[in-house]
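K.L.:
File coords-v1.cif follows (mmCIF, C-alpha atoms):
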```cif
data_my_file
#
loop_
_atom_site.group_PDB
_atom_site.id
_atom_site.type_symbol
_atom_site.label_atom_id
_atom_site.label_comp_id
_atom_site.auth_asym_id
_atom_site.auth_seq_id
_atom_site.Cartn_x
_atom_site.Cartn_y
_atom_site.Cartn_z
ATOM 1 C CA ASP A 191 16.892 -16.004 -8.147
ATOM 2 C CA ALA A 192 18.852 -12.802 -8.506
ATOM 3 C CA GLY A 193 21.384 -12.274 -5.749
ATOM 4 C CA ILE A 194 19.850 -9.360 -3.872
ATOM 5 C CA THR A 195 19.914 -9.093 -0.108
ATOM 6 C CA GLN A 196 18.155 -6.449 1.923
ATOM 7 C CA SER A 197 18.864 -5.670 5.548
ATOM 8 C CA PRO A 198 17.334 -5.451 7.998
ATOM 9 C CA ARG A 199 14.252 -7.496 7.134
ATOM 10 C CA HIS A 200 12.189 -5.833 9.836
ATOM 11 C CA LYS A 201 12.689 -2.663 11.801
ATOM 12 C CA VAL A 202 10.677 -0.681 14.297
ATOM 13 C CA THR A 203 11.874 2.833 15.009
ATOM 14 C CA GLU A 204 10.624 5.998 16.607
ATOM 15 C CA THR A 205 9.598 9.175 14.877
ATOM 16 C CA GLY A 206 12.515 11.514 14.362
ATOM 17 C CA THR A 207 15.255 8.891 14.358
ATOM 18 C CA PRO A 208 17.509 8.261 11.348
ATOM 19 C CA VAL A 209 17.203 4.895 9.632
ATOM 20 C CA THR A 210 19.379 3.298 6.970
ATOM 21 C CA LEU A 211 18.311 0.366 4.864
ATOM 22 C CA ARG A 212 20.843 -1.608 2.912
ATOM 23 C CA CYS A 213 20.635 -3.390 -0.401
ATOM 24 C CA HIS A 214 23.432 -5.661 -1.540
ATOM 25 C CA GLN A 215 23.640 -7.362 -4.928
ATOM 26 C CA THR A 216 26.002 -9.970 -6.291
ATOM 27 C CA GLU A 217 24.905 -9.665 -9.935
ATOM 28 C CA ASN A 218 27.125 -6.707 -10.851
ATOM 29 C CA HIS A 219 24.115 -4.931 -12.341
ATOM 30 C CA ARG A 220 24.536 -1.253 -13.006
ATOM 31 C CA TYR A 221 21.030 -0.126 -12.076
ATOM 32 C CA MET A 222 19.591 -0.260 -8.595
ATOM 33 C CA TYR A 223 16.287 1.050 -7.264
ATOM 34 C CA TRP A 224 14.446 1.661 -4.035
ATOM 35 C CA TYR A 225 10.670 1.304 -3.997
ATOM 36 C CA ARG A 226 8.075 1.497 -1.304
ATOM 37 C CA GLN A 227 4.848 -0.449 -1.377
ATOM 38 C CA ASP A 228 1.703 0.698 0.371
ATOM 39 C CA PRO A 229 -1.880 -0.552 0.142
ATOM 40 C CA GLY A 230 -3.770 1.172 -2.653
ATOM 41 C CA HIS A 231 -0.639 2.721 -4.152
ATOM 42 C CA GLY A 232 1.293 -0.120 -5.622
ATOM 43 C CA LEU A 233 5.037 0.152 -5.880
ATOM 44 C CA ARG A 234 6.410 3.680 -6.037
ATOM 45 C CA LEU A 235 9.948 4.620 -6.928
ATOM 46 C CA ILE A 236 11.883 6.520 -4.255
ATOM 47 C CA HIS A 237 15.369 6.829 -5.760
ATOM 48 C CA TYR A 238 17.437 4.960 -8.259
ATOM 49 C CA SER A 239 21.072 4.654 -9.215
ATOM 50 C CA TYR A 240 22.650 4.185 -12.614
ATOM 51 C CA GLY A 241 26.181 3.709 -11.390
ATOM 52 C CA VAL A 242 28.565 4.312 -8.543
ATOM 53 C CA LYS A 243 27.872 7.756 -7.115
ATOM 54 C CA ASP A 244 25.186 8.350 -9.777
ATOM 55 C CA THR A 245 21.703 8.623 -8.341
ATOM 56 C CA ASP A 246 18.451 10.329 -9.173
ATOM 57 C CA LYS A 247 15.076 10.956 -7.594
ATOM 58 C CA GLY A 248 11.935 8.979 -8.134
ATOM 59 C CA GLU A 249 8.349 10.043 -7.658
ATOM 60 C CA VAL A 250 8.331 9.898 -3.824
ATOM 61 C CA SER A 251 11.830 11.018 -2.864
ATOM 62 C CA ASP A 252 11.006 13.621 -0.207
ATOM 63 C CA GLY A 253 12.420 12.604 3.169
ATOM 64 C CA TYR A 254 14.797 10.041 1.680
ATOM 65 C CA SER A 255 18.384 10.091 0.555
ATOM 66 C CA VAL A 256 20.536 7.420 -1.057
ATOM 67 C CA SER A 257 24.153 6.604 -1.569
ATOM 68 C CA ARG A 258 26.021 4.200 -3.778
ATOM 69 C CA SER A 259 29.734 4.031 -3.110
ATOM 70 C CA LYS A 260 30.164 0.549 -4.583
ATOM 71 C CA THR A 261 28.455 -1.256 -7.432
ATOM 72 C CA GLU A 262 27.060 -3.865 -5.100
ATOM 73 C CA ASP A 263 25.609 -1.646 -2.356
ATOM 74 C CA PHE A 264 22.778 0.867 -2.436
ATOM 75 C CA LEU A 265 21.769 2.519 0.826
ATOM 76 C CA LEU A 266 18.481 4.239 1.567
ATOM 77 C CA THR A 267 18.433 6.685 4.472
ATOM 78 C CA LEU A 268 15.481 8.234 6.204
ATOM 79 C CA GLU A 269 17.083 11.257 7.833
ATOM 80 C CA SER A 270 14.289 11.744 10.350
ATOM 81 C CA ALA A 271 11.687 9.010 10.173
ATOM 82 C CA THR A 272 8.005 9.911 10.159
ATOM 83 C CA SER A 273 4.948 7.705 10.586
ATOM 84 C CA SER A 274 4.083 8.232 6.917
ATOM 85 C CA GLN A 275 7.257 6.340 6.072
ATOM 86 C CA THR A 276 5.905 3.172 7.633
ATOM 87 C CA SER A 277 5.934 0.875 4.643
ATOM 88 C CA VAL A 278 7.503 -2.110 2.967
ATOM 89 C CA TYR A 279 10.664 -1.150 1.129
ATOM 90 C CA PHE A 280 11.950 -3.126 -1.824
ATOM 91 C CA CYS A 281 15.282 -2.853 -3.512
ATOM 92 C CA ALA A 282 15.494 -3.872 -7.161
ATOM 93 C CA ILE A 283 18.176 -4.260 -9.775
ATOM 94 C CA SER A 284 18.236 -4.368 -13.538
ATOM 95 C CA GLU A 285 20.862 -5.129 -16.120
ATOM 96 C CA SER A 286 20.203 -2.159 -18.336
ATOM 97 C CA ARG A 287 18.031 0.886 -18.338
ATOM 98 C CA GLU A 288 15.898 0.301 -21.361
ATOM 99 C CA ASN A 289 13.229 -2.342 -21.429
ATOM 100 C CA SER A 290 14.785 -4.470 -18.711
ATOM 101 C CA PRO A 291 12.613 -6.083 -16.092
ATOM 102 C CA LEU A 292 13.471 -5.520 -12.461
ATOM 103 C CA HIS A 293 14.465 -8.176 -9.972
ATOM 104 C CA PHE A 294 13.548 -7.495 -6.384
ATOM 105 C CA GLY A 295 15.057 -8.156 -3.016
ATOM 106 C CA ASN A 296 12.886 -9.702 -0.334
ATOM 107 C CA GLY A 297 11.952 -6.426 1.278
ATOM 108 C CA THR A 298 12.299 -4.523 4.535
ATOM 109 C CA ARG A 299 9.233 -3.974 6.660
ATOM 110 C CA LEU A 300 9.671 -0.643 8.461
ATOM 111 C CA THR A 301 7.383 0.608 11.188
ATOM 112 C CA VAL A 302 7.760 4.145 12.509
ATOM 113 C CA THR A 303 5.991 4.662 15.819
ATOM 114 C CA ARG B 761 -7.022 8.640 -14.558
ATOM 115 C CA LYS B 762 -4.296 6.443 -13.124
ATOM 116 C CA GLU B 763 -1.361 5.624 -15.413
ATOM 117 C CA VAL B 764 -1.900 1.911 -14.936
ATOM 118 C CA GLU B 765 -5.170 0.422 -13.776
ATOM 119 C CA GLN B 766 -6.029 -3.056 -12.681
ATOM 120 C CA ASP B 767 -9.160 -4.616 -11.272
ATOM 121 C CA PRO B 768 -8.138 -5.342 -7.666
ATOM 122 C CA GLY B 769 -10.322 -8.459 -7.473
ATOM 123 C CA PRO B 770 -10.243 -10.790 -5.723
ATOM 124 C CA PHE B 771 -10.916 -13.261 -8.459
ATOM 125 C CA ASN B 772 -12.054 -16.479 -6.808
ATOM 126 C CA VAL B 773 -11.833 -19.424 -9.198
ATOM 127 C CA PRO B 774 -11.914 -23.196 -8.774
ATOM 128 C CA GLU B 775 -8.911 -25.306 -9.584
ATOM 129 C CA GLY B 776 -8.725 -26.071 -13.279
ATOM 130 C CA ALA B 777 -10.526 -22.921 -14.338
ATOM 131 C CA THR B 778 -9.282 -20.402 -16.874
ATOM 132 C CA VAL B 779 -9.006 -16.840 -15.660
ATOM 133 C CA ALA B 780 -7.996 -13.618 -17.378
ATOM 134 C CA PHE B 781 -6.882 -10.263 -16.060
ATOM 135 C CA ASN B 782 -6.659 -7.010 -17.933
ATOM 136 C CA CYS B 783 -4.509 -4.010 -17.233
ATOM 137 C CA THR B 784 -5.082 -0.666 -18.933
ATOM 138 C CA TYR B 785 -2.449 2.029 -19.339
ATOM 139 C CA SER B 786 -2.785 5.684 -20.234
ATOM 140 C CA ASN B 787 0.596 6.546 -21.749
ATOM 141 C CA SER B 788 0.484 5.736 -25.441
ATOM 142 C CA ALA B 789 4.295 6.021 -25.548
ATOM 143 C CA SER B 790 4.627 2.910 -23.398
ATOM 144 C CA GLN B 791 7.094 0.468 -24.874
ATOM 145 C CA SER B 792 7.705 -2.354 -22.443
ATOM 146 C CA PHE B 793 5.218 -4.409 -20.505
ATOM 147 C CA PHE B 794 5.567 -7.038 -17.836
ATOM 148 C CA TRP B 795 3.520 -9.202 -15.534
ATOM 149 C CA TYR B 796 4.805 -9.837 -12.034
ATOM 150 C CA ARG B 797 3.500 -12.189 -9.425
ATOM 151 C CA GLN B 798 3.569 -11.278 -5.733
ATOM 152 C CA ASP B 799 2.791 -13.697 -2.952
ATOM 153 C CA CYS B 800 1.548 -12.389 0.374
ATOM 154 C CA ARG B 801 4.317 -10.572 2.257
ATOM 155 C CA LYS B 802 6.874 -11.454 -0.420
ATOM 156 C CA GLU B 803 8.691 -9.557 -3.123
ATOM 157 C CA PRO B 804 7.305 -9.241 -6.657
ATOM 158 C CA LYS B 805 8.747 -11.779 -9.052
ATOM 159 C CA LEU B 806 8.834 -11.475 -12.809
ATOM 160 C CA LEU B 807 6.266 -13.773 -14.365
ATOM 161 C CA MET B 808 6.691 -12.813 -17.990
ATOM 162 C CA SER B 809 7.407 -10.004 -20.374
ATOM 163 C CA VAL B 810 4.662 -9.062 -22.810
ATOM 164 C CA TYR B 811 5.572 -8.882 -26.464
ATOM 165 C CA SER B 812 3.683 -7.174 -29.241
ATOM 166 C CA SER B 813 2.854 -10.442 -30.929
ATOM 167 C CA GLY B 814 1.692 -12.042 -27.684
ATOM 168 C CA ASN B 815 3.556 -14.763 -25.896
ATOM 169 C CA GLU B 816 2.954 -17.935 -23.989
ATOM 170 C CA ASP B 817 4.779 -19.671 -21.186
ATOM 171 C CA GLY B 818 3.183 -22.942 -20.238
ATOM 172 C CA ARG B 819 -0.265 -22.218 -18.840
ATOM 173 C CA PHE B 820 0.255 -18.460 -19.025
ATOM 174 C CA THR B 821 -0.483 -16.289 -22.052
ATOM 175 C CA ALA B 822 0.187 -12.585 -22.228
ATOM 176 C CA GLN B 823 -1.182 -10.267 -24.874
ATOM 177 C CA LEU B 824 -0.800 -6.626 -25.767
ATOM 178 C CA ASN B 825 -3.421 -4.476 -27.430
ATOM 179 C CA ARG B 826 -1.789 -1.167 -28.314
ATOM 180 C CA ALA B 827 -4.865 0.263 -30.003
ATOM 181 C CA SER B 828 -6.940 -0.085 -26.851
ATOM 182 C CA GLN B 829 -3.955 0.330 -24.523
ATOM 183 C CA TYR B 830 -4.239 -2.732 -22.417
ATOM 184 C CA ILE B 831 -2.353 -5.898 -21.656
ATOM 185 C CA SER B 832 -3.869 -9.146 -20.557
ATOM 186 C CA LEU B 833 -2.807 -12.260 -18.712
ATOM 187 C CA LEU B 834 -4.592 -15.560 -19.231
ATOM 188 C CA ILE B 835 -4.045 -18.450 -16.863
ATOM 189 C CA ARG B 836 -5.294 -21.843 -17.977
ATOM 190 C CA ASP B 837 -5.875 -24.864 -15.768
ATOM 191 C CA SER B 838 -5.486 -22.814 -12.577
ATOM 192 C CA LYS B 839 -3.568 -24.404 -9.702
ATOM 193 C CA LEU B 840 -3.847 -23.677 -6.009
ATOM 194 C CA SER B 841 -0.267 -22.427 -6.233
ATOM 195 C CA ASP B 842 -1.351 -19.717 -8.678
ATOM 196 C CA SER B 843 -3.039 -17.895 -5.791
ATOM 197 C CA ALA B 844 -1.224 -14.572 -5.584
ATOM 198 C CA THR B 845 -1.454 -10.946 -6.602
ATOM 199 C CA TYR B 846 -0.589 -10.214 -10.215
ATOM 200 C CA LEU B 847 0.981 -6.855 -10.977
ATOM 201 C CA CYS B 848 1.165 -5.327 -14.395
ATOM 202 C CA VAL B 849 4.077 -3.057 -15.159
ATOM 203 C CA VAL B 850 4.375 -0.532 -17.950
ATOM 204 C CA THR B 851 7.298 1.606 -19.033
ATOM 205 C CA PRO B 852 7.747 4.105 -21.865
ATOM 206 C CA TYR B 853 11.403 3.442 -22.537
ATOM 207 C CA THR B 854 13.442 3.322 -19.400
ATOM 208 C CA ALA B 855 13.379 1.196 -16.304
ATOM 209 C CA SER B 856 13.453 4.301 -14.126
ATOM 210 C CA LYS B 857 9.990 5.112 -15.419
ATOM 211 C CA LEU B 858 8.345 1.787 -14.698
ATOM 212 C CA THR B 859 4.802 2.220 -13.481
ATOM 213 C CA PHE B 860 3.249 -0.534 -11.437
ATOM 214 C CA GLY B 861 -0.416 -1.338 -11.208
ATOM 215 C CA THR B 862 -1.798 -1.966 -7.743
ATOM 216 C CA GLY B 863 -2.383 -5.608 -8.591
ATOM 217 C CA THR B 864 -5.162 -8.122 -9.089
ATOM 218 C CA ARG B 865 -5.602 -10.734 -6.415
ATOM 219 C CA LEU B 866 -6.305 -14.294 -7.518
ATOM 220 C CA GLN B 867 -7.545 -16.979 -5.152
ATOM 221 C CA VAL B 868 -7.750 -20.492 -6.546
ATOM 222 C CA THR B 869 -9.871 -22.861 -4.494
ATOM 223 C CA LEU B 870 -10.499 -26.598 -4.403
#
```
Let me see the file written as structure tokens.
P.N.:
Amino acid sequence: DAGITQSPRHKVTETGTPVTLRCHQTENHRYMYWYRQDPGHGLRLIHYSYGVKDTDKGEVSDGYSVSRSKTEDFLLTLESATSSQTSVYFCAISESRENSPLHFGNGTRLTVT
Amino acid sequence: RKEVEQDPGPFNVPEGATVAFNCTYSNSASQSFFWYRQDCRKEPKLLMSVYSSGNEDGRFTAQLNRASQYISLLIRDSKLSDSATYLCVVTPYTASKLTFGTGTRLQVTL
């Protein structure tokens, strides 16, 4: 299995609080991604990174920001959590941009009350 | 129309049965195709890539039909351990544009 670790695994937070999720990889892959998974929607891309300090938005980026200061770490921040951000968040990595499959971390289950 | 569509199932099949899932996609520029497997409350895991000529991995066969814009996954001799949700994934040319289907749930029973 690809070396991808997400933390925390579970988190419950209150509306309006900031939350940071961490993804750590040991594969030295250039590309990293944050997805959320919700019933009926499948996996949707939030943000992705194609290198240190290089990030771009996905299809559901509103309310989220990311940072990548090191190859191995990709942080997802919810500046002010809302109940609509209750979801399961998956980090993924890929070796290259074109035609490469993704390998996922084991997910963070976030509940915003 | 959704970019990627899958029958949500569930498909309930007895052990040993053969089952097939289809996944249709709307973007004719799609270049890469994958099947992932996701167990309940777990992360998706790559099952197999789908090649133009079709490909097989043990009991699993994946096929691509570009003319009709669908991919298929055939599972022969189903095992209880095959019970999971199967996600199809389609991308035009870049991993940042991967589109996931919502998945087809398979339940294999004794």
K.L.:
Could you expand the PyMOL selection byres ((chain B and resi 780-794) around 6) into the explicit residues it covers here, written as number ranges by chain?
P.N.:
A: 289; B: 763-766, 779, 795, 808-810, 829-834, 848-853
K.L.:
Should the cut-off be 12 Å, what would the residue list for chain A against chain B look like, counting only C-alpha atoms, as a VMD selection string?
P.N.:
chain A and resid 191 to 192 194 to 196 199 to 200 220 to 240 245 to 249 277 to 299
K.L.:
B:Phe820: which residues within 6 Å, counting all atoms listed in the file, same-chain residues fewer than 3 positions away excluded, as a list in words?
P.N.:
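Answer for this query is Glu816, Asp817, Leu834 and Ile835 of chain B.
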K.L.:
One number please: atom CA of A:Arg258 to atom CA of B:Leu807, in Å, one decimal.
P.N.:
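Atom CA of A:Arg258 sits 28.7 Å away from atom CA of B:Leu807.
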K.L.:
Which of these residues is nearest to B:Leu870, using only C-alpha atoms: B:Asp799, B:Asp842, B:Asp767, B:Glu775?
P.N.:
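Result for the nearest residue to B:Leu870: B:Glu775.
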K.L.:
For the atom pair atom CA of B:Ala777 and atom CA of B:Ser841, what is the interatomic distance in Å to one decimal place?
P.N.:
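Those two atoms sit 13.1 Å apart.
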